[in-house]
Each structure stands twice: as C-alpha cells, then as structure tokens.
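Asker: This is coords-v2.tsv (TSV, C-alpha atoms and all ligand atoms).
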```tsv
chain	number	residue	atom	x	y	z
A	1	MET	CA	23.97	0.34	3.43
A	2	TYR	CA	20.46	-0.62	4.52
A	3	THR	CA	18.97	-3.99	3.62
A	4	LEU	CA	15.21	-4.13	3.06
A	5	TYR	CA	13.38	-7.48	3.06
A	6	LEU	CA	10.27	-7.32	0.89
A	7	GLY	CA	7.43	-9.57	-0.20
A	8	ASN	CA	6.14	-10.10	-3.76
A	9	LYS	CA	5.70	-6.69	-5.36
A	10	ASN	CA	2.39	-7.66	-6.96
A	11	TYR	CA	0.80	-8.45	-3.60
A	12	SER	CA	2.71	-7.10	-0.62
A	13	SER	CA	1.09	-3.82	0.38
A	14	TRP	CA	3.04	-3.42	3.63
A	15	SER	CA	6.27	-3.99	1.72
A	16	LEU	CA	5.37	-1.22	-0.70
A	17	ARG	CA	5.09	1.24	2.19
A	18	GLY	CA	8.53	0.31	3.52
A	19	TRP	CA	10.04	0.41	0.04
A	20	LEU	CA	8.54	3.85	-0.77
A	21	ALA	CA	9.91	5.13	2.55
A	22	ALA	CA	13.36	3.79	1.69
A	23	LYS	CA	13.21	5.36	-1.79
A	24	LEU	CA	12.06	8.67	-0.32
A	25	SER	CA	15.01	8.67	2.12
A	26	GLY	CA	17.37	8.87	-0.85
A	27	ALA	CA	19.73	6.47	0.93
A	28	PRO	CA	21.14	3.46	-0.91
A	29	PHE	CA	19.58	0.15	0.11
A	30	CYS	CA	19.62	-3.38	-1.18
A	31	GLU	CA	16.46	-5.43	-1.55
A	32	VAL	CA	15.99	-9.02	-0.48
A	33	MET	CA	12.90	-10.56	-2.03
A	34	VAL	CA	10.95	-12.94	0.19
A	35	GLY	CA	8.43	-15.09	-1.65
A	36	LEU	CA	5.12	-14.86	0.23
A	37	VAL	CA	3.15	-18.06	0.42
A	38	GLY	CA	-0.19	-16.61	1.49
A	39	TYR	CA	0.09	-17.56	5.13
A	40	PHE	CA	2.38	-17.04	8.09
A	41	ASN	CA	5.78	-18.57	7.33
A	42	PRO	CA	7.88	-19.23	10.47
A	43	ALA	CA	11.01	-19.65	8.32
A	44	ASN	CA	10.96	-15.87	7.88
A	45	ARG	CA	11.94	-15.53	11.54
A	46	ALA	CA	15.51	-15.93	10.29
A	47	PHE	CA	15.45	-12.22	9.39
A	48	SER	CA	12.22	-10.87	10.93
A	49	PRO	CA	11.07	-11.29	14.55
A	50	THR	CA	7.43	-11.42	13.44
A	51	ALA	CA	8.21	-13.49	10.32
A	52	ARG	CA	6.58	-10.67	8.35
A	53	VAL	CA	7.82	-8.15	5.82
A	54	PRO	CA	8.91	-5.44	5.34
A	55	VAL	CA	11.96	-5.51	7.60
A	56	LEU	CA	14.85	-3.05	7.48
A	57	HIS	CA	18.30	-4.08	8.65
A	58	ASP	CA	20.77	-1.32	9.45
A	59	GLY	CA	23.84	-3.19	10.64
A	60	ASP	CA	22.73	-4.93	13.82
A	61	THR	CA	19.56	-2.86	14.12
A	62	VAL	CA	16.42	-4.64	12.92
A	63	VAL	CA	13.28	-2.56	12.26
A	64	TRP	CA	10.31	-4.82	11.56
A	65	ASP	CA	7.20	-2.76	10.89
A	66	SER	CA	6.44	-0.35	8.04
A	67	MET	CA	5.58	2.57	10.35
A	68	ALA	CA	8.70	1.97	12.44
A	69	ILE	CA	10.77	1.81	9.23
A	70	ALA	CA	9.30	5.13	8.10
A	71	GLU	CA	10.08	6.79	11.42
A	72	TYR	CA	13.54	5.21	11.69
A	73	LEU	CA	14.45	6.57	8.25
A	74	ALA	CA	12.82	9.96	8.91
A	75	GLU	CA	15.08	10.38	11.98
A	76	ARG	CA	18.12	9.91	9.74
A	77	HIS	CA	17.16	11.57	6.47
A	78	ALA	CA	15.72	15.07	6.22
A	79	GLY	CA	12.48	16.05	4.53
A	80	MET	CA	10.54	12.80	4.67
A	81	TRP	CA	7.58	14.29	6.59
A	82	PRO	CA	6.08	17.65	5.55
A	83	ALA	CA	8.09	20.56	7.00
A	84	ALA	CA	5.18	22.66	8.31
A	85	GLY	CA	3.95	21.57	11.73
A	86	GLU	CA	0.23	21.45	10.97
A	87	ALA	CA	0.74	19.59	7.71
A	88	ARG	CA	3.11	17.17	9.46
A	89	ALA	CA	0.52	16.48	12.19
A	90	PHE	CA	-2.11	15.78	9.52
A	91	ALA	CA	0.32	13.55	7.58
A	92	ARG	CA	1.15	11.57	10.73
A	93	CYS	CA	-2.53	11.17	11.68
A	94	ALA	CA	-3.53	10.04	8.18
A	95	SER	CA	-0.60	7.59	8.03
A	96	ALA	CA	-1.40	6.21	11.48
A	97	GLU	CA	-5.09	5.88	10.57
A	98	MET	CA	-4.09	3.93	7.47
A	99	HIS	CA	-1.63	1.80	9.42
A	100	SER	CA	-4.04	0.83	12.19
A	101	GLY	CA	-7.40	0.95	10.40
A	102	PHE	CA	-9.20	0.24	7.15
A	103	SER	CA	-9.34	-3.47	7.86
A	104	VAL	CA	-12.35	-4.01	5.55
A	105	LEU	CA	-10.66	-2.21	2.67
A	106	ARG	CA	-7.54	-4.28	3.27
A	107	ASN	CA	-9.41	-7.59	3.39
A	108	ASP	CA	-11.98	-6.98	0.67
A	109	MET	CA	-9.72	-5.19	-1.79
A	110	THR	CA	-6.47	-7.12	-1.64
A	111	MET	CA	-3.53	-5.54	-3.44
A	112	CYS	CA	-2.91	-7.25	-6.77
A	113	VAL	CA	-1.13	-4.71	-8.97
A	114	ARG	CA	-1.65	-6.57	-12.24
A	115	GLU	CA	-5.42	-7.16	-11.87
A	116	ARG	CA	-8.52	-5.15	-12.92
A	117	VAL	CA	-11.85	-6.41	-11.62
A	118	ASP	CA	-15.28	-5.06	-10.67
A	119	VAL	CA	-16.71	-6.68	-7.55
A	120	ARG	CA	-19.63	-4.30	-6.96
A	121	PRO	CA	-21.89	-4.09	-5.06
A	122	TRP	CA	-19.53	-3.21	-2.22
A	123	SER	CA	-20.61	-3.90	1.35
A	124	ALA	CA	-21.66	-0.92	3.46
A	125	GLU	CA	-18.50	-1.37	5.55
A	126	LEU	CA	-16.27	-1.36	2.46
A	127	ALA	CA	-18.05	1.68	1.02
A	128	HIS	CA	-17.49	3.41	4.37
A	129	ASP	CA	-13.72	2.75	4.24
A	130	ILE	CA	-13.57	3.98	0.64
A	131	GLU	CA	-15.47	7.12	1.59
A	132	ARG	CA	-13.15	7.78	4.53
A	133	VAL	CA	-10.07	7.50	2.29
A	134	SER	CA	-11.64	9.94	-0.19
A	135	THR	CA	-12.38	12.37	2.64
A	136	LEU	CA	-8.81	12.18	3.92
A	137	TRP	CA	-7.45	12.70	0.42
A	138	SER	CA	-9.72	15.70	-0.24
A	139	GLU	CA	-8.82	17.24	3.11
A	140	GLY	CA	-5.07	16.79	2.64
A	141	ARG	CA	-5.11	18.17	-0.89
A	142	SER	CA	-7.27	21.18	-0.08
A	143	ARG	CA	-5.61	22.14	3.24
A	144	PHE	CA	-1.95	21.27	2.65
A	145	GLY	CA	-1.45	20.31	-0.99
A	146	SER	CA	-0.83	23.67	-2.67
A	147	GLY	CA	2.95	23.12	-2.98
A	148	GLY	CA	2.70	20.04	-5.22
A	149	ALA	CA	0.53	17.21	-6.51
A	150	PHE	CA	0.66	15.03	-3.39
A	151	LEU	CA	-1.30	14.85	-0.18
A	152	CYS	CA	0.69	17.55	1.61
A	153	GLY	CA	2.35	19.08	-1.45
A	154	ASP	CA	5.62	17.32	-2.21
A	155	PHE	CA	5.72	13.51	-2.11
A	156	SER	CA	6.23	12.53	1.56
A	157	LEU	CA	5.76	9.61	3.93
A	158	VAL	CA	1.99	10.02	4.01
A	159	ASP	CA	1.92	9.28	0.28
A	160	ALA	CA	3.97	6.15	0.95
A	161	PHE	CA	1.23	4.99	3.33
A	162	PHE	CA	-1.45	5.46	0.69
A	163	GLY	CA	0.55	3.98	-2.20
A	164	PRO	CA	-1.04	0.53	-1.78
A	165	VAL	CA	-4.53	2.08	-1.67
A	166	ALA	CA	-3.85	3.66	-5.07
A	167	TYR	CA	-3.20	0.23	-6.61
A	168	ARG	CA	-6.21	-1.26	-4.79
A	169	PHE	CA	-8.49	1.50	-6.09
A	170	ARG	CA	-7.23	1.04	-9.65
A	171	THR	CA	-7.61	-2.75	-9.48
A	172	TYR	CA	-11.19	-2.60	-8.19
A	173	GLY	CA	-12.29	0.43	-10.25
A	174	VAL	CA	-12.71	2.86	-7.35
A	175	THR	CA	-12.77	6.39	-8.79
A	176	PRO	CA	-12.94	9.13	-6.14
A	177	SER	CA	-14.30	12.41	-7.44
A	178	GLY	CA	-12.69	15.87	-7.51
A	179	VAL	CA	-9.31	16.53	-5.93
A	180	ALA	CA	-9.20	13.04	-4.40
A	181	GLY	CA	-9.41	11.53	-7.89
A	182	LEU	CA	-6.67	13.81	-9.18
A	183	TYR	CA	-4.50	12.80	-6.23
A	184	LEU	CA	-5.06	9.12	-7.06
A	185	GLN	CA	-3.79	9.77	-10.61
A	186	ALA	CA	-0.77	11.70	-9.31
A	187	LEU	CA	0.09	8.88	-6.91
A	188	LEU	CA	-0.14	6.21	-9.62
A	189	ALA	CA	2.05	8.35	-11.91
A	190	HIS	CA	4.83	8.97	-9.37
A	191	PRO	CA	8.15	7.52	-10.62
A	192	PHE	CA	8.57	5.36	-7.48
A	193	MET	CA	5.09	3.90	-7.96
A	194	ARG	CA	5.80	3.28	-11.65
A	195	GLU	CA	9.06	1.56	-10.76
A	196	TRP	CA	7.31	-0.72	-8.25
A	197	GLU	CA	4.53	-1.44	-10.75
A	198	ALA	CA	7.01	-2.46	-13.47
A	199	ALA	CA	8.66	-4.89	-11.07
A	200	ALA	CA	5.27	-6.22	-9.94
A	201	LEU	CA	4.16	-6.82	-13.53
A	202	ALA	CA	7.34	-8.80	-14.19
A	203	GLU	CA	6.47	-11.27	-11.42
A	204	THR	CA	4.81	-14.53	-12.37
A	205	SER	CA	4.11	-16.15	-9.00
A	206	VAL	CA	0.48	-16.49	-7.94
A	207	VAL	CA	-0.71	-16.32	-4.32
A	208	GLU	CA	-4.30	-17.51	-4.52
A	209	ALA	CA	-5.24	-16.05	-1.14
A	210	ASP	CA	-4.60	-12.56	-2.54
A	211	GLU	CA	-6.04	-13.05	-6.03
A	212	PRO	CA	-9.28	-11.06	-6.53
A	213	ARG	CA	-10.61	-13.53	-9.13
A	214	VAL	CA	-10.12	-16.37	-6.67
A	215	ILE	CA	-11.54	-14.52	-3.65
A	216	TYR	CA	-14.57	-13.33	-5.65
A	217	ARG	CA	-14.91	-16.42	-7.84
A	218	ASP	CA	-18.54	-17.12	-6.84
A	219	LYS	CA	-19.68	-13.51	-7.08
A	220	LEU	CA	-18.08	-13.04	-10.51
A	221	ALA	CA	-19.43	-16.38	-11.77
A	222	ALA	CA	-22.96	-15.53	-10.59
A	223	ARG	CA	-22.79	-12.21	-12.42
A	224	THR	CA	-21.51	-13.82	-15.64
A	225	PHE	CA	-24.29	-16.40	-15.42
A	226	ALA	CA	-26.95	-13.74	-14.87
A	227	GLY	CA	-25.50	-11.68	-17.73
A	228	SER	CA	-25.52	-14.58	-20.18
A	229	GLY	CA	-29.09	-15.42	-19.14
A	230	THR	CA	-30.37	-12.02	-20.16
A	231	ALA	CA	-28.32	-11.68	-23.33
A	301	LIG	N1	2.11	-4.19	10.61
A	301	LIG	C1	3.08	-4.82	9.73
A	301	LIG	C2	2.37	-5.81	8.83
A	301	LIG	C3	3.30	-6.62	7.97
A	301	LIG	C4	2.59	-7.74	7.21
A	301	LIG	O1	1.50	-8.23	7.62
A	301	LIG	N2	3.20	-8.22	6.14
A	301	LIG	C5	2.66	-9.32	5.34
A	301	LIG	C6	2.92	-9.10	3.87
A	301	LIG	S1	2.10	-7.72	3.17
A	301	LIG	C7	3.40	-10.60	5.67
A	301	LIG	O2	4.58	-10.58	5.90
A	301	LIG	N3	2.69	-11.73	5.70
A	301	LIG	C8	3.33	-13.00	5.94
A	301	LIG	C9	3.16	-13.99	4.83
A	301	LIG	O3	2.20	-13.82	4.04
A	301	LIG	O4	3.99	-14.88	4.74
A	301	LIG	C10	3.82	-3.70	8.98
A	301	LIG	O5	3.36	-2.57	8.98
A	301	LIG	O6	4.91	-3.94	8.44
```
Take the structure I supplied and represent it as structure tokens, if you would.
Answerer:
Amino acid sequence: MYTLYLGNKNYSSWSLRGWLAAKLSGAPFCEVMVGLVGYFNPANRAFSPTARVPVLHDGDTVVWDSMAIAEYLAERHAGMWPAAGEARAFARCASAEMHSGFSVLRNDMTMCVRERVDVRPWSAELAHDIERVSTLWSEGRSRFGSGGAFLCGDFSLVDAFFGPVAYRFRTYGVTPSGVAGLYLQALLAHPFMREWEAAALAETSVVEADEPRVIYRDKLAARTFAGSGTA
C-alpha cells in the first residue's frame, strides 16, 4: 500500500494535488499528516528529501513532488489522464502551467479552505493570473469537456492540479463568468474535494503565514476604518 505524507488540509495546496491524484488512482493509501509550521522544517527530511510535502512512498521508492506523484500513479493506474490524445496534451500543458507558474496567485491568494475574505483591489499581476486561469478553464471546458462536468470531461489529473485554485477562488471571492464559473462549482462539489474540505474544516491549527486576515491585516483594517468614517 502507498503511504502519502501530507501537510495541513486547510493550508497545504501542494498536498491537495498529491492527495487528489492518489484518490483518483483508486489505489489504497494511508495518510501521514505532517503539521506545517509556516517555514522550511529540516526535520521533515526524515521522510522527504526536500523536507516538503506531499511525498509518496511506495515501498523503497520515494516520490517527492506533486507532479511526479501524479505521473508515477498514472503509470500504474489506468485512466488518470484524459484518454484522447489532444485532450491529454491540453491537460498536461494546463497542469504543467499550474505547477510551474501562477506565482502571484499562489502568493497573494494563499489557500485557507475555511476562510472567506475580500481583498480587492487586486494587483494587475494578480488579475492577470486570475484571467489566465479563467481562460484555461473556458478553453478546456469548451474544447474537451463535453463528456462530463470537468476540465476535459471526466474528473482527471488536470482537475487535481486546479483543486487548490478552486478553494483559493472561493476564499477570495473570485467568480469567473460563463463555463469557467460552472467548472469552479463542479470542482468544489466533487466528492473528493468535499472530503478534503470536511477534513480541513475539522482542523484547528493556525499557520499565520498562510492566514489571509493576517497577511492582509493592514489592508482590511484600512478599509474598515474608511467604511466606519463614512457611515
Ligand atoms: N513543487 C513541490 C512543492 C511542495 C511544497 O512547497 N510544499 C509545501 C507545503 S504546501 C511545504 O512542504 N512547505 C514546507 C513547510 O511549510 O514546512 C510539489 O509540487 O510538491
């Protein structure tokens, strides 16, 4: 049986990708929860060469990156990428773009499943990342999505890569229009996402570095002050 090391479900976006991939594989796996402390923790080298999560252990084989975990599992379990070649190419490109890009979205809209907060106005760079996600979602749904409610039809690895974005968008009130918005709702409603969310909401630990109301404390306070001044 696989062992998957994961960070706090409320905060750990990379862990969510690895976990969704493991769920999608259909294979049994056991979870080891690693409490994140908000900074690099060298003690995690005991199970992860980078000291980061997620990490999949398959016997003596250690797979330490969410994309590598996805590909490792997809080599062993059928149907994790879309079957049609063109859809699969799109799914791989969109997943890789998510994995290696969107640094502003990642930094400025931290994943915090339990939170709802409005931090507008967004920077031009953040708005650009949001727009690019919406474009990718619209393209996937309109070109490859006819067989189901997900980016390339049935739920596949590309949806695992955008799972964290769905929680980020909900937390920060990002509402893409049209088919992209419908896809966001479908992603949030998927049973795997609901299962992760329930576990995240049961957590009580707080990592201040990832808390929107801590990161945006000054901006939110300034808005409250301005609001009370005009009331
Ligand atoms: N590229 C890696 C990134 C993994 C990563 O940065 N994980 C974060 C948690 S989401 C982490 O372990 N941070 C260390 C810490 O906060 O202790 C992947 O795709 O798995």
Asker: Select, from A:Val179, A:Met98, A:Ala22, A:Ala78, the residue with the minimum atom-to-atom distance to ligand LIG 301 (chain A), counting only C-alpha atoms and all ligand atoms.
Answerer: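 For ligand LIG 301 (chain A), the nearest of the given residues is A:Met98.
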Asker: For Val214 (chain A), work out the shell of residues within 12 Å, counting all atoms listed in the file and skipping chain neighbours fewer than 5 positions away, then give it as a PyMOL selection string.
Answerer: chain A and resi 110+112+115+117+119+206-209+219-221
Asker: Name the residues, by chain letter and number, that sit within 7 Å of ligand LIG 301 (chain A) using all atoms listed in the file, and give them as a list in words.
Answerer: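 These are the residues that qualify: Gly7, Tyr11, Ser12, Ser13, Trp14, Ser15, Leu36, Val37, Gly38, Tyr39, Phe40, Asn41, Ala51, Arg52, Val53, Pro54, Trp64, Asp65, Ser66, Met67 and His99 of chain A.
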Asker: May I have the residues within 9 Å of region 187-193 of chain A as a PyMOL selection string, using all atoms listed in the file and disregarding those fewer than 3 positions away in the same chain?
Answerer: chain A and resi 16+20+23-24+149-150+155+159+162-163+166-167+170+182-184+196-198
Asker: What lies within 12 Å of Ser134 (chain A) using all atoms listed in the file, ignoring chain neighbours under 3 positions off, as a CSV table (one decimal) with C-alpha atoms, in the coordinates of the input?
Answerer:
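Output below, filename out-v5.csv:
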```
chain,number,residue,atom,x,y,z
A,94,ALA,CA,-3.5,10.0,8.2
A,127,ALA,CA,-18.0,1.7,1.0
A,128,HIS,CA,-17.5,3.4,4.4
A,129,ASP,CA,-13.7,2.8,4.2
A,130,ILE,CA,-13.6,4.0,0.6
A,131,GLU,CA,-15.5,7.1,1.6
A,137,TRP,CA,-7.4,12.7,0.4
A,138,SER,CA,-9.7,15.7,-0.2
A,139,GLU,CA,-8.8,17.2,3.1
A,140,GLY,CA,-5.1,16.8,2.6
A,141,ARG,CA,-5.1,18.2,-0.9
A,151,LEU,CA,-1.3,14.8,-0.2
A,162,PHE,CA,-1.4,5.5,0.7
A,165,VAL,CA,-4.5,2.1,-1.7
A,166,ALA,CA,-3.8,3.7,-5.1
A,169,PHE,CA,-8.5,1.5,-6.1
A,174,VAL,CA,-12.7,2.9,-7.4
A,175,THR,CA,-12.8,6.4,-8.8
A,176,PRO,CA,-12.9,9.1,-6.1
A,177,SER,CA,-14.3,12.4,-7.4
A,178,GLY,CA,-12.7,15.9,-7.5
A,179,VAL,CA,-9.3,16.5,-5.9
A,180,ALA,CA,-9.2,13.0,-4.4
A,181,GLY,CA,-9.4,11.5,-7.9
A,182,LEU,CA,-6.7,13.8,-9.2
A,183,TYR,CA,-4.5,12.8,-6.2
A,184,LEU,CA,-5.1,9.1,-7.1
```
Asker: Give the padded box for region 189-200 of chain A as AutoDock Vina command-line options: axis-aligned, covering all atoms listed in the file, 6 Å on each side, centre and edge lengths in Å to one decimal.
Answerer:
```
--center_x 5.6 --center_y 1.4 --center_z -10.5 --size_x 19.0 --size_y 27.2 --size_z 18.0
```
Asker: In terms of the shortest atom-to-atom distance over only C-alpha atoms, which of A:Arg92, A:Asp118, A:Leu73, A:Gly85 is closest to Pro212 (chain A)?
Answerer: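 Smallest distance to Pro212 (chain A) is found for A:Asp118.
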Asker: Quick one: everything within 10 Å of Ser103 (chain A), counting only C-alpha atoms, minus sequence neighbours fewer than 6 positions away in the same chain. Send it as an NGL selection string.
Answerer: :A and (109 or 125-126 or 129)
Asker: Suppose we keep C-alpha atoms; can you now write the selection as a tab-separated table (two decimals), keeping the file's coordinate frame?
Answerer:
```tsv
chain	number	residue	atom	x	y	z
A	109	MET	CA	-9.72	-5.19	-1.79
A	125	GLU	CA	-18.50	-1.37	5.55
A	126	LEU	CA	-16.27	-1.36	2.46
A	129	ASP	CA	-13.72	2.75	4.24
```
Asker: Please, what distance in Å, to one decimal, runs between CA of Ser48 (chain A) and CA of Ile215 (chain A)?
Answerer: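 These atoms are spaced 28.1 Å apart.
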Asker: Using only C-alpha atoms, pick whichever of A:Thr50, A:Asp58, A:Ser123, A:Tyr5 has the shortest atom-to-atom distance to Val34 (chain A).
Answerer: A:Tyr5
Asker: Which of these residues is nearest to Leu136 (chain A), using all atoms listed in the file: A:Ile69, A:Ala186, A:Ala226, A:Ala91?
Answerer: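 Using all atoms listed in the file, the shortest distance to Leu136 (chain A) belongs to A:Ala91.
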Asker: Between A:Tyr216, A:Asn107, A:Leu157, A:Ala68, single out the one closest to Cys93 (chain A), counting all atoms listed in the file.
Answerer: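 Nearest to Cys93 (chain A): A:Leu157.
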Asker: Please determine, counting all atoms listed in the file, which residue among A:Ala21, A:Met80, A:Met33, A:Leu105 has the shortest atom-to-atom distance to Ala160 (chain A).
Answerer: A:Ala21
Asker: Extract, using all atoms listed in the file, all DNA, RNA and protein residues at most 6 Å from Phe161 (chain A), discarding same-chain residues fewer than 3 positions from it, and format them as a list in words.
Answerer: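 Near Phe161 (chain A), the qualifying residues are Arg17, Ser95 and Val158 of chain A.
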Asker: What is the distance between CA of Gly35 (chain A) and CA of Leu6 (chain A), in Å to one decimal?
Answerer: 8.4 Å
Asker: What is the CA of Ala83 (chain A)-CA of Ala96 (chain A) distance in Å, reported with one decimal?
Answerer: 17.8 Å
